[in-house]
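**Q** First the structure, then my questions, so here it is.
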Amino acid sequence: MLTTIEKVITLQEIDIFQHLSTEDLAHIAAIADEVEYPEGVAIFKQGGIADSMYMILTGKVLLHQDEREVMVAGEMEAFGTWALFDDEPRVVTATTVEHSHLLCIDEEDFLDLLSDNVRITQGVMKSLVTRVRKLAAIRAPGSDAVGR
Amino acid sequence: MHLQSPLLKKFGIQSGHGARAALMFSYIFLIIASLLIVKPVRTSLFLSTCGAEQLPYVFMLVAIVSAAVAILYTKLSSRIPLGKLVVGSLFLSIVVFAVIWILLTINHESGWFVYFFYIWVAIFGVISASQFWLLANYVYNAREAKRIFGLLGAGAIAGGIFGGYFTNIAVPLFGTENMLLLCILFLIIASTILRWIWRHHAKRNYQEAIAQSRKKRQGVLTTKPLLLILRSKQLTYLSGLIGVGVLVASLVEFQFNTVASETFPDADRLTAFFGFWYSTISVAALIVQLFITGRLLSRFGVTPTLYFLPAGVLIGSAAVLFIPGLFSSTLVRVLEGGFKQSINKSGTELLALPIPSAIKNRTKIITDMLVPNMAEGLGGILLLLVTVVIGLKVQSISIIIFFILILWAVLIHLVKREYINSFRQAIEKRSVDIEELTLNVNNASVRQIIERVLQSENPRQVLYVLQLLEDSPNTSVSPYLEKLVHHSSSEVRAQVLRIARDIDDLDFTEEAEALISDSTESIRVAAIDYLCHRSSDPVQVLKQYSLSNDIGLQVAANKAAAILYRESIQVRKAMNPEEMRSESLQHQESLELTPTQKERLRASDAEIIGIAHAEELYPALHHHLDDSSALVLRAAVKAAGQTRALEFVPGLMVHLDTKLVRSYARSALAEYGDEIIEVLADKINDTRQPLPIRYGAVKVLSLIASQRAARELFQNIHTDNLELRFIIVRAFNKIKDKTPELKLDSKQIVQLLHQEIQHHYRLLAVLRQHRDQQGDEPGSQLEAAQRLLERAIEERLAINLERIFRILALRYSQDDIYAAYLGIISRNAVLQANAVEFLDNILSVELKQIIIPLVEAKPDTESLSPHSKPQTTDRGNGSDYLQELLTSSDNWLNACVLYYIAEKGETSWESVVRDSVSRDISIVSETAQYAVNRLKSV
């Protein structure tokens, strides 16, 4: 069982939380639950309800669309992040490749936290904007205006 | 529902409001009558004692003293409640007039006394009239004001007519000086009326308005008023027109007074003469206003009508020049006074229509006080120059007036170009303030624009113009409404119903009944409201809909009932809110409702109590404040704030710590304004209170944003709780944003900055020591713990730097300091250097010495003062700085240190760590317990 502070150290690695202070990460840590899955278990399925994101503490998870592999996520990697922000169904299935120890953040708890803490909201939005800008820059290479 | 008699309705008075209107009418009548009694007395006394040649000096003195009084009055008005200020000024006037009367009866007519009397009457005239209109703004809401201000204006004119003619008749009977006794008597009656009006009709509205204005101040313009005028061509020309008008008026007044004093050497006859003509000018103004202004505006539009006053002055001045004498100088004075108070006043007010009200309010002090004062002073200087230096005769002053009239005409020509463009833009941008203005649909140019907008299919623009038309006390709105009642937008149709409910010759009952089934609640409310107004038994209509099986209709009917209950005395008499609510609840119980429908009904019940302000229903609102649903809680909290009843304050305080409701609780508490400042201060000081409540109380004070709120906050700014301190400083920034004139003790600000900077250096020293510790291999738990602590300290340094700049912003321009802060925290070296240079230029020498070294480069901890070094116990292993972090009040740093100690395996810290296990902060105790276990294993 991880302490809050150990969860913070882990959460620092998640891209979407990169602009949050360590103290704000402690609030996220407080709503992050540890879950364990044996090998070969589907954590969620393509087309299913997206209501939580995951962070791998130990183990490996395969993300795939039917038989097509999208990626294999390893330790300290997060997946299902967009579930925190929209209600669209899952676009991939997540299946454990080996016994996996994960941190799980529930969408409702996360939104509740955001509504209560403006600094966390700001930090998360900043990360989202950074992502959008990066995507825009990829779509329009050489365009200065996009990156600004 | 015909609530009022046709006569009352004609004057815009609702049933039950007649007594209030009569009192307000009497009050302004008495004030203006008093003024018109003392004005001839002071003018004749001045002319018979000092002679007309001294008029230029007194004009200049009036300008200077009025400016000083305006500044003093503005300062007093921000500190003293309006009621006390008005009563106090009236009482002071009574005392001063009594003293003047005593001095006059003992024949004391020294030069200074006559000057003082002249200036005092001028100040009394300006202050008493403006105070009345200010008071009227609190006695009547915006809609009522638009309807009734015409009647009150008539009261002022009637007072003016009565006062002057009364003086003309009474002076031969009582003598000039005894007229002051009559003036005092009028003022005593007026002060009695004033106290009654204040207590019963204005005090509560004033307090509410003060609370509201705090909200509105958010985002208020901070640009200096003079700059705002200079940036707007229209405002510049408008100010020019006002100034030129006052300048010409002072020259005309001089001619009139001089000729009159030469014709009537006897003081009593002179007083009677002035009394008669001042009243005659008022009669002339009234006639022009009633019979000519409207027609001229309707036929020619705004700008051509502005030529009437200068044209009148031109004719009169020509008469003075070519046929000198009492007749000509009286003619020019009557033409000037008659046109100025009527057609020119209406025209100038309409010219200001397209200017956004925020700008108008901000520039009012310049256009209403500074420009007229400067123009009057300039008039005095000009008169001195032409009469004393050049030696021109009185009639020759007309030549000077001719030259000024040319400038006047040029200004009218310039303002004409700006007006239509500005108006079109204002309608398109919807920047005309609906609350403050009545649209004059009789104005030809305005009418054209309105008709074009109303024909559009854009509901937002149509609604906007409809709102502007809503309070136009004129049946000419009817044709527009008849067309718009079939508009494609149901919102437009609802707005039409709202306006049409008071227009007898329009009947939209069918349209209203059709809108009852609309899906939008506000439209249903408007429809029910209309039907109630058209019914002889509105309560029955309300019951019919509130007992409907359609939940939406029930809610709309109850809301319409609450609005009517609040607005109409007749409905209040006929309706028992408790009974109606209980009937409605019983009916709801008989229906099979889903939990969501029940929740919606509870929320609407709370809203209704807030709208109706019915004290009988307050127990139910208390009940709603304990509801478990966030939807109901929000509605209840909002409603409690609307009532501003003190009994809800404790309940609202609790909700400062309720998720999803706390921001509503803050706004609701802010509605109470200064009334609850002490309660809020107690919460902030009470360390037993949960932190969210203490933080919430700070935020409420920042919303109240008064000087008292700032004072209470400042007393807590030195708190050791750094997060609370940060919230307080941020609250101050918000208050300063809303109230730029806020005064803070600059010594305390400097002291606070010293405190923060010292803290900054201590943190830097700690960070340096921590970085000096031997790093562990990358990826290990110790290395992670070390990095976490380092990052936490860096974050604290960043917050500390932000706090320092926020405190600086309390003393300097917030924009400047924010720009400098962004430069300092940027990673761009050029921006950083520019920011340092900028700070070097704007900060005081004292602050430069402490701020510049902090931001210029990373300060060298070796050179820090002994106070800045960590105060720790040396454990001989270089980790003694941890002691300081561990004993600080920063829980997050405590936890990070404990984790670091645990991973480092520092057994010498075991007892300190063990003490932290019992701390009541979960993150600290949890990490301490973890550390204890880890150290045991070591």
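Residues in the structure tokens are numbered from 1 in each chain, the chains being A, B, ... in the order shown, and ligands are numbered from 1 in the order shown.
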Starting from chain A, keep only residues with some atom at most 9 Å from an atom of chain B, counting only C-alpha atoms, and report them as a list in words.
**A**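 Filtering chain A at 9 Å from chain B with only C-alpha atoms gives Thr3, Thr4, Ile5, Glu6, Val8, Ile9, Ser21, Thr22, Glu23, Ala26, Asp112, Ser115 and Asp116 of chain A.
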**Q** Range 264-278 of chain B: which residues within 8 Å, counting only C-alpha atoms, same-chain residues fewer than 2 positions away excluded, as a PyMOL selection string?
**A** chain B and resi 36-37+39-41+43-45+48+160-161+163-169+171-172+175-176+260-262+280-282+334
**Q** From a DSSP pass on the backbone, collect the residues of chain A flagged as helix (DSSP H, G or I) and hand them back as a PyMOL selection string.
**A** chain A and resi 4-11+15-17+22-31+81-84+107-116+118-139+144-147
**Q** Quick one: residues within 9 Å of range 98-102 of chain A, only C-alpha atoms counted, chain neighbours fewer than 2 positions away excluded, as a list of chain:residue names?
**A**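 Residues near the query, excluding close chain neighbours: A:Asp33, A:Glu34, A:Val35, A:Glu36, A:Tyr37, A:Pro38, A:Glu39, A:Gly40, A:Val41, A:Tyr54, A:Met55, A:Ile56, A:Leu57, A:Thr58, A:Gly59, A:Lys60, A:Val61, A:Thr95, A:Thr96, A:Cys104.
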**Q** Please compute the CA of Ile516 in chain B-CA of Val555 in chain B distance, one decimal, in Å.
**A**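 Interatomic distance here is 11.9 Å.
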**Q** To one decimal in Å, tell me the separation between CA of Ser584 in chain B and CA of Asn558 in chain B.
**A**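 Computing it gives 8.6 Å between the two atoms.
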**Q** A:Ile28, A:Ile120, A:Ala50, A:Lys134: which is nearest Trp82 in chain A, counting only C-alpha atoms?
**A**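 Selected residue with least distance to Trp82 in chain A: A:Ala50.
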**Q** Contacts of Gln255 in chain B at 12 Å or less, counting only C-alpha atoms, minus same-chain residues fewer than 5 places along, as an mmCIF file with C-alpha atoms, in the first residue's frame?
**A**
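For reference, out21.cif as written:
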data_model
loop_
_atom_site.group_PDB
_atom_site.id
_atom_site.type_symbol
_atom_site.label_atom_id
_atom_site.label_comp_id
_atom_site.auth_asym_id
_atom_site.auth_seq_id
_atom_site.Cartn_x
_atom_site.Cartn_y
_atom_site.Cartn_z
ATOM 1 C CA ALA B 52 -21.419 95.092 -9.710
ATOM 2 C CA GLU B 53 -17.716 95.728 -10.357
ATOM 3 C CA LEU B 55 -18.929 90.398 -9.462
ATOM 4 C CA PRO B 56 -15.958 88.997 -11.447
ATOM 5 C CA VAL B 248 -21.603 82.730 -21.633
ATOM 6 C CA ALA B 249 -24.042 82.371 -18.706
ATOM 7 C CA SER B 250 -21.612 84.137 -16.355
ATOM 8 C CA ALA B 260 -30.445 95.779 -12.409
ATOM 9 C CA SER B 261 -28.327 97.165 -9.551
ATOM 10 C CA GLU B 262 -27.959 100.471 -11.395
ATOM 11 C CA GLY B 316 -30.512 89.073 -26.550
ATOM 12 C CA SER B 317 -26.868 90.206 -26.653
ATOM 13 C CA VAL B 320 -28.053 94.700 -25.129
ATOM 14 C CA LEU B 321 -25.428 96.109 -27.481
ATOM 15 C CA PRO B 324 -28.775 99.070 -23.812
ATOM 16 C CA GLY B 325 -30.984 99.079 -20.742
ATOM 17 C CA LEU B 326 -32.903 96.942 -18.282
ATOM 18 C CA PHE B 327 -35.250 95.504 -20.917
ATOM 19 C CA SER B 328 -32.454 94.155 -23.135
ATOM 20 C CA SER B 329 -30.342 92.707 -20.317
ATOM 21 C CA THR B 330 -33.451 91.064 -18.826
ATOM 22 C CA LEU B 331 -34.388 89.695 -22.245
ATOM 23 C CA VAL B 332 -31.003 88.048 -22.762
ATOM 24 C CA ARG B 333 -31.104 86.619 -19.219
ATOM 25 C CA LEU B 383 -14.850 90.041 -16.975
ATOM 26 C CA THR B 387 -14.156 95.745 -17.446
ATOM 27 C CA LEU B 392 -15.327 98.196 -21.663
ATOM 28 C CA LYS B 393 -18.891 99.201 -20.824
ATOM 29 C CA VAL B 394 -21.406 96.554 -19.729
ATOM 30 C CA GLN B 395 -23.192 96.506 -23.096
ATOM 31 C CA SER B 396 -19.868 95.995 -24.918
ATOM 32 C CA ILE B 397 -19.479 92.625 -23.205
ATOM 33 C CA SER B 398 -21.952 91.475 -25.862
ATOM 34 C CA ILE B 401 -20.237 87.006 -26.203
#
**Q** Please provide as a PyMOL selection string all residues within 9 Å of Glu13 in chain A, with the sequence filter that same-chain residues fewer than 6 positions apart are discarded (counting only C-alpha atoms).
**A** chain A and resi 76-78
**Q** In terms of the shortest atom-to-atom distance over only C-alpha atoms, which of B:Glu777, B:Ser706, B:Leu547, B:Asp674 is closest to Ser590 in chain B?
**A**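 Ranked by minimum distance to Ser590 in chain B, first place goes to B:Leu547.
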**Q** Give me, as a PDB file with C-alpha atoms, in the first residue's frame, all polymer residues having an atom no more than 9 Å from Ala129 in chain B, counting only C-alpha atoms and skipping those fewer than 4 positions away in the same chain.
**A**
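The result, written out as selection_37.pdb:
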ATOM      1  CA  ILE B  28     -37.627  69.226  -3.739  1.00  0.00           C
ATOM      2  CA  ILE B  31     -35.475  73.022  -1.282  1.00  0.00           C
ATOM      3  CA  ILE B  32     -35.706  74.879  -4.599  1.00  0.00           C
ATOM      4  CA  PHE B 124     -26.051  75.320  -1.113  1.00  0.00           C
ATOM      5  CA  GLY B 125     -27.715  75.440  -4.532  1.00  0.00           C
ATOM      6  CA  TRP B 133     -31.450  63.525  -7.002  1.00  0.00           C
ATOM      7  CA  LEU B 134     -28.968  61.181  -5.381  1.00  0.00           C
ATOM      8  CA  ALA B 156     -38.280  71.545  -8.672  1.00  0.00           C
TER       9      ALA B 156
END
**Q** What gap, in Å, lies between CA of Gln455 in chain B and CA of Glu418 in chain B?
**A** 24.8 Å
**Q** Do a neighbour search on Trp196 in chain B at 12 Å with only C-alpha atoms, toss out local chain neighbours closer than 2 positions, and write the hits as a PyMOL selection string.
**A** chain B and resi 19-20+23-24+27+83+87+139+189-194+198-203
**Q** Write the residues of the preceding selection, restricted to C-alpha atoms, as a PDB file, in the first residue's frame.
**A**
ATOM      1  CA  ALA B  19     -47.595  59.370  -0.291  1.00  0.00           C
ATOM      2  CA  ARG B  20     -43.952  58.711  -1.104  1.00  0.00           C
ATOM      3  CA  LEU B  23     -43.243  63.715   0.064  1.00  0.00           C
ATOM      4  CA  MET B  24     -40.476  63.670  -2.522  1.00  0.00           C
ATOM      5  CA  TYR B  27     -39.081  68.010  -0.421  1.00  0.00           C
ATOM      6  CA  GLY B  83     -28.648  59.690   4.926  1.00  0.00           C
ATOM      7  CA  VAL B  87     -29.384  65.489   6.922  1.00  0.00           C
ATOM      8  CA  VAL B 139     -35.969  55.938  -3.064  1.00  0.00           C
ATOM      9  CA  ILE B 189     -39.902  71.265   7.134  1.00  0.00           C
ATOM     10  CA  ALA B 190     -37.759  69.772   4.351  1.00  0.00           C
ATOM     11  CA  SER B 191     -35.380  68.167   6.880  1.00  0.00           C
ATOM     12  CA  THR B 192     -38.329  66.540   8.710  1.00  0.00           C
ATOM     13  CA  ILE B 193     -39.599  65.128   5.403  1.00  0.00           C
ATOM     14  CA  LEU B 194     -36.075  64.047   4.517  1.00  0.00           C
ATOM     15  CA  TRP B 198     -34.662  58.203   4.414  1.00  0.00           C
ATOM     16  CA  ARG B 199     -35.874  55.942   7.193  1.00  0.00           C
ATOM     17  CA  HIS B 200     -38.848  54.478   5.349  1.00  0.00           C
ATOM     18  CA  HIS B 201     -37.898  54.498   1.686  1.00  0.00           C
ATOM     19  CA  ALA B 202     -34.205  55.001   1.075  1.00  0.00           C
ATOM     20  CA  LYS B 203     -32.035  53.455   3.801  1.00  0.00           C
TER      21      LYS B 203
END
